[in-house]
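Participant: The following block contains the structure, expressed as C-alpha cells.
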Amino acid sequence: DTVDTLFRSTSDTQFVSTSQVLLHRLPAEAQLRLGGLEETASRSLLQQSCGSDDATICGQDSELLEFCDGHTLTIKLAGALIAHYGSSASALDAIHRRGTESVSLPGRKQHTRLTSFELCLQIAYESLPPSARQLLWALAEAPAGVWTHYIANNWLEIHDSANALASLRKWHLVEVADFDDNLSRTRVLTPIRRYVTDRGRQEDIALYEEIVRRVVQGWAMMVAVFSLKYDSPEATPYILQRFNHELPNLLHVLEIAQERAEDEELVLTALSIIQSLMRFFFVLRMPEHGAHVFYDATDLAVRSGHCERASGLAMQFLSLAQRTANDSLITKAEDIVDKIASATTDLEALSDVAMCRAVAAQSRKDFPEAERQARHAFEGYCTVGRALNKGKAEANDDLELKIQDLHNDISNALSALGFAQLSQEKYEDAAKAYRHSLEHERGASIGVNRGQTLHQLGNCEGNLGNHEAAAKLYLEAAHIFHFIGMEEYLSNAFGELGYALLDADLPEVFDQLDDEIVDHALVDLIKDTVRVFHPERPLNHQQCIGMIRKVFGTVILLSVVWRGEKLGPFCMNLGNRVVAEFAGQIDAGARDKDELFLIFMIDIALRLGMLIAECETDLRMNGNVTDDTVG
C-alpha cells in the first residue's frame with residue numbers, strides 16, 4: 001500500500017523497486033524476478049570479498065559457493081571467513097562445526113539461504129573484538145548510517161573506534177557510501193541490524209542499553225547544535241539538507257523511546273528531537289508523513305504524562321494535518337487536544353490548546369471561532385511572557401531561549417488571528433495582526449514564517465486597494481520562498497504578484513525576477529498543478545479553482561515582466577500532462593461531465609500563455625505581432 005501510494009502521488013519520477021515480497025498492487029510496467037547470483041558471478045564476488053584471487057586461498061570453493069546459494073550478503077561474509085581462516089577449506093570447516101546447531105528446525109535436513117546467511121553472520125560476529133561489537137550495536141541503531149569521520153573521531157566514546165570500524169569493514173558488516181567533498185557515510189544493512197540488536201540484548205543488556213542511550217544523546221546533541229548554531233534564516237537551507245541526511249536516524253529515536261516509555265530522560269530527549277523536525281516536514285511539503293510522526297510523538301508525550309510538551313507537539317501536528325486536507329487527521333488531533341486540556345492547568349500548555357482549536361476551527365471554516373481561540377492563545381502567551389520577564393533577574397541562556405520560543409508562539413497566535421480576520425474580510429484588522437506578528441518572529445522561525453506572513457499581509461493590502469504595497473510584499477515573500485525552497489509557496493507568491501501588477505506599476509520587479517527564480521517558480525507550479533489535476537483521482541473543485549487562479553496569475557506576471565518566452569515550453573508541457581489526459585478521459589466517459597469546466601478554464605490559461613510566448617518571439621524577431629496572433 002505504501003509503495004502504491006508513493007507511485008500514484010508522483011508525477012515524473014521513475015522507480016526501480018527491489019523487494020523480497022510480491023507487491024500485488026504496484027502497477028509496474030515491468031517485473032524482473034531475480035534469483036541468486038550465478039556461479040561465475042558468485043565466484044567473482046567471493047574473490048573480491050576475501051581480497052585475493054590466489055588459487056591456494058580461494059581454491060576448492062565449489063562446496064562453499066553451493067552453501068551460499070547465490071545470496072550476495074552470505075557470499076561477502078564467506079569471503080571474509082576465507083580471509084580470516086586462510087582458505088576456503090578452513091572456512092568451510094568452521095561453518096560445518098557450527099552447522100548442526102544452526103539447522104535446528106524440525107524436519108529440516110539442509111541449510112536454506114536464510115540459515116546460511118545467519119550462520120556466516122554468527123561466525124563473523126563472534127570473531128569481533130568487544131569494541132567492534134559495541135560499534136556495531138551503535139550503528140544498528142542508525143538506519144541512515146553516520147558520517148564515517150564521526151566514527152574515526154571516537155564517536156560515542158567507544159574505545160579504539162577507528163580499529164573497531166576496520167574490523168567491521170574487514171568482515172563486510174558495514175557499507176560505506178561516498179558523498180561529495182571526500183565525505184562518506186557508514187551504515188549497517190537491515191538484515192544485519194536485526195541480528196545485531198538481538199545479540200546485543202542477549203549478551204549484555206546493561207551495556208547494550210548504555211550504547212543505545214549514547215546514540216540517542218548523540219542525535220540530541222547534533223539537533224541542539226542545529227538549533228543554536230544555525231538559528232538564522234540564512235542557515236535554513238543547510239539545516240534542511242542536514243535533516244534530510246539524518247531523518248531515518250531521528251525518526252528511529254522516536255521508536256526507541258516508544259519501546260522505553262518508562263525512561264523519562266530518553267522520552268523527553270526523543271520528543272525534543274521530533275519537535276525540531278517541523279521545519280523539515282513543512283518546508284519540503286511532507287505534511288502527511290510529518291503529521292503521522294507528530295501524532296505518535298504527541299501520543300507518547302500524553303501517555304508518559306508530559307502534557308506541557310504534548311501541547312506543543314499537538315500544535316505542530318495540527319498545523320501539518322491542516323495542510324493534508326485529511327479530515328480524519330484533524331479529528332484525531334482534536335481528540336488528543338481534549339485529553340491534554342483535561343490533564344493540565346499550565347497556562348502555556350492551555351494557550352497551545354487554544355491555538356490547536358483555532359487551527360481546527362480554520363479547517364472547518366468556522367472563522368469567528370478561530371478568531372476567538374487565537375485571541376485566547378495570544379493573551380495566554382502574553383501573560384506567560386510577562387511572568388518570565390518579571391522573574392528575569394540576571395542573564396540566563398535557558399531563560400533567553402524560553403523567551404525567544406514564546407515570542408514565536410505569540411507570532412503564530414497573531415498569524416492565526418490575522419488569517420481568521422482576513423477570511424472574514426476584516427482586512428485592516430488582519431493587516432494589523434500580521435504586522436504585529438512580524439515583530440515577534442525570532443531565530444530560525446523567521447526563515448519559514450516571515451515569507452508566509454508577508455504573503456498574507458499582501459493579501460490584506462490587495463483587498464484594501466493598496467496594490468503597489470501588495471506587489472512589494474509578494475515580491476519579498478517570493479524571494480524568501482525561493483531561498484528556503486518552500487514548495488507551493490513560491491508559485492503562490494508568483495500568481496498573486498501577477499494580479500497585483502495589473503493594478504500597480506513596480507519597475508523593480510524587472511530586475512528582481514531573474515531567470516533562476518522564474519525557472520524554479522515554473523517547476524513548482526508544474527508540480528502543484530499536476531498534484532491537483534491528478535488523472536488517477538476525482539478532481540477537488542475548490543483546489544482546482546485555486547490552481548487555475550495561480551496559473552492565470554503566473555501567465556500575467558511573466559507577460560508583464562517580459563519573460564513571456566518561458567511560457568511556451570511551460571504551457572505546452574503542462575497542457576500535454578493535464579488537458580490532453582483529462583480530455584481523453586472525458587471523451588471516453590471515464591470522467592464526470594462537471595469536471596469539463598475546470599479543464600476548459602485551465603486550457604484557456606495555458607493557451608493564453610502560449611500566445612504570449614508567440615507574441616514576444618514575433619516582437620523580438622520581426623518587431624511586430626501579426627494580426628492572426630492578436631486575433
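So you can find residues: chains in the C-alpha cells are A, B, ... in the order shown, residues in each start at 1, and ligands are numbered from 1 in order.
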Using only C-alpha atoms, find each residue in range 481-572 of chain A having at least one atom no more than 12 Å away from range 308-329 of chain A; report its shortest atom-to-atom pair and that distance in Å (one decimal), rows by chain then rising number, as a tab-separated table.

Facilitator:
residue	atom	partner	partner_atom	distance
A:Glu488	CA	A:Arg323	CA	11.4
A:Asn540	CA	A:Ala325	CA	10.7
A:Gln542	CA	A:Ala325	CA	11.6
A:Gln543	CA	A:Ala325	CA	10.3

Participant: Going by DSSP on the backbone, which bits of range 32-202 of chain A are helix (DSSP H, G or I)? Write them as a PyMOL selection string, please.

Facilitator: chain A and resi 39-50+55-58+62-68+72-85+88-102+113-126+130-140+148-152+155-157+161-170+190-202

Participant: Running DSSP on the backbone, which parts of range 158-260 of chain A land in strand (DSSP E), as a PyMOL selection string?

Facilitator: chain A and resi 175-178+184-187

Participant: For Ala370 in chain A, work out the shell of residues within 8 Å, counting only C-alpha atoms and skipping chain neighbours fewer than 2 positions away, then give it as a list in words.

Facilitator: Arg357, Ala358, Val359, Ala360, Ala361, Gln362, Asp366, Phe367, Pro368, Arg372, Gln373, Ala374, Ala416, Leu417 and Ala420 of chain A

Participant: Mind checking which residues fall within 12 Å of Tyr230 in chain A, counting only C-alpha atoms, ignoring those fewer than 2 positions away in the same chain, and posting them as a PyMOL selection string?

Facilitator: chain A and resi 222-228+232-240+242+443-445+447

Participant: Restricted to C-alpha atoms, what would the selected residues look like written as a PDB file, in the first residue's frame?

Facilitator:
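Heads up, here's the output in part-v7.pdb:
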ATOM      1  CA  MET A 222      23.502  17.252  16.885  1.00  0.00           C
ATOM      2  CA  VAL A 223      19.959  18.672  16.797  1.00  0.00           C
ATOM      3  CA  ALA A 224      20.816  21.080  19.614  1.00  0.00           C
ATOM      4  CA  VAL A 225      23.779  22.372  17.590  1.00  0.00           C
ATOM      5  CA  PHE A 226      21.485  22.823  14.580  1.00  0.00           C
ATOM      6  CA  SER A 227      19.007  24.786  16.717  1.00  0.00           C
ATOM      7  CA  LEU A 228      21.564  27.010  18.470  1.00  0.00           C
ATOM      8  CA  SER A 232      19.352  32.352  11.400  1.00  0.00           C
ATOM      9  CA  PRO A 233      17.032  32.433   8.344  1.00  0.00           C
ATOM     10  CA  GLU A 234      20.106  32.188   6.077  1.00  0.00           C
ATOM     11  CA  ALA A 235      21.015  28.803   7.579  1.00  0.00           C
ATOM     12  CA  THR A 236      17.623  27.210   6.856  1.00  0.00           C
ATOM     13  CA  PRO A 237      18.562  25.538   3.512  1.00  0.00           C
ATOM     14  CA  TYR A 238      21.669  23.976   5.078  1.00  0.00           C
ATOM     15  CA  ILE A 239      19.705  22.671   8.076  1.00  0.00           C
ATOM     16  CA  LEU A 240      17.052  21.170   5.805  1.00  0.00           C
ATOM     17  CA  ARG A 242      21.286  18.002   7.125  1.00  0.00           C
ATOM     18  CA  GLY A 443      15.625  32.933  15.215  1.00  0.00           C
ATOM     19  CA  ALA A 444      15.266  30.154  12.668  1.00  0.00           C
ATOM     20  CA  SER A 445      11.465  30.583  12.609  1.00  0.00           C
ATOM     21  CA  GLY A 447      13.166  31.786   7.673  1.00  0.00           C
TER      22      GLY A 447
END
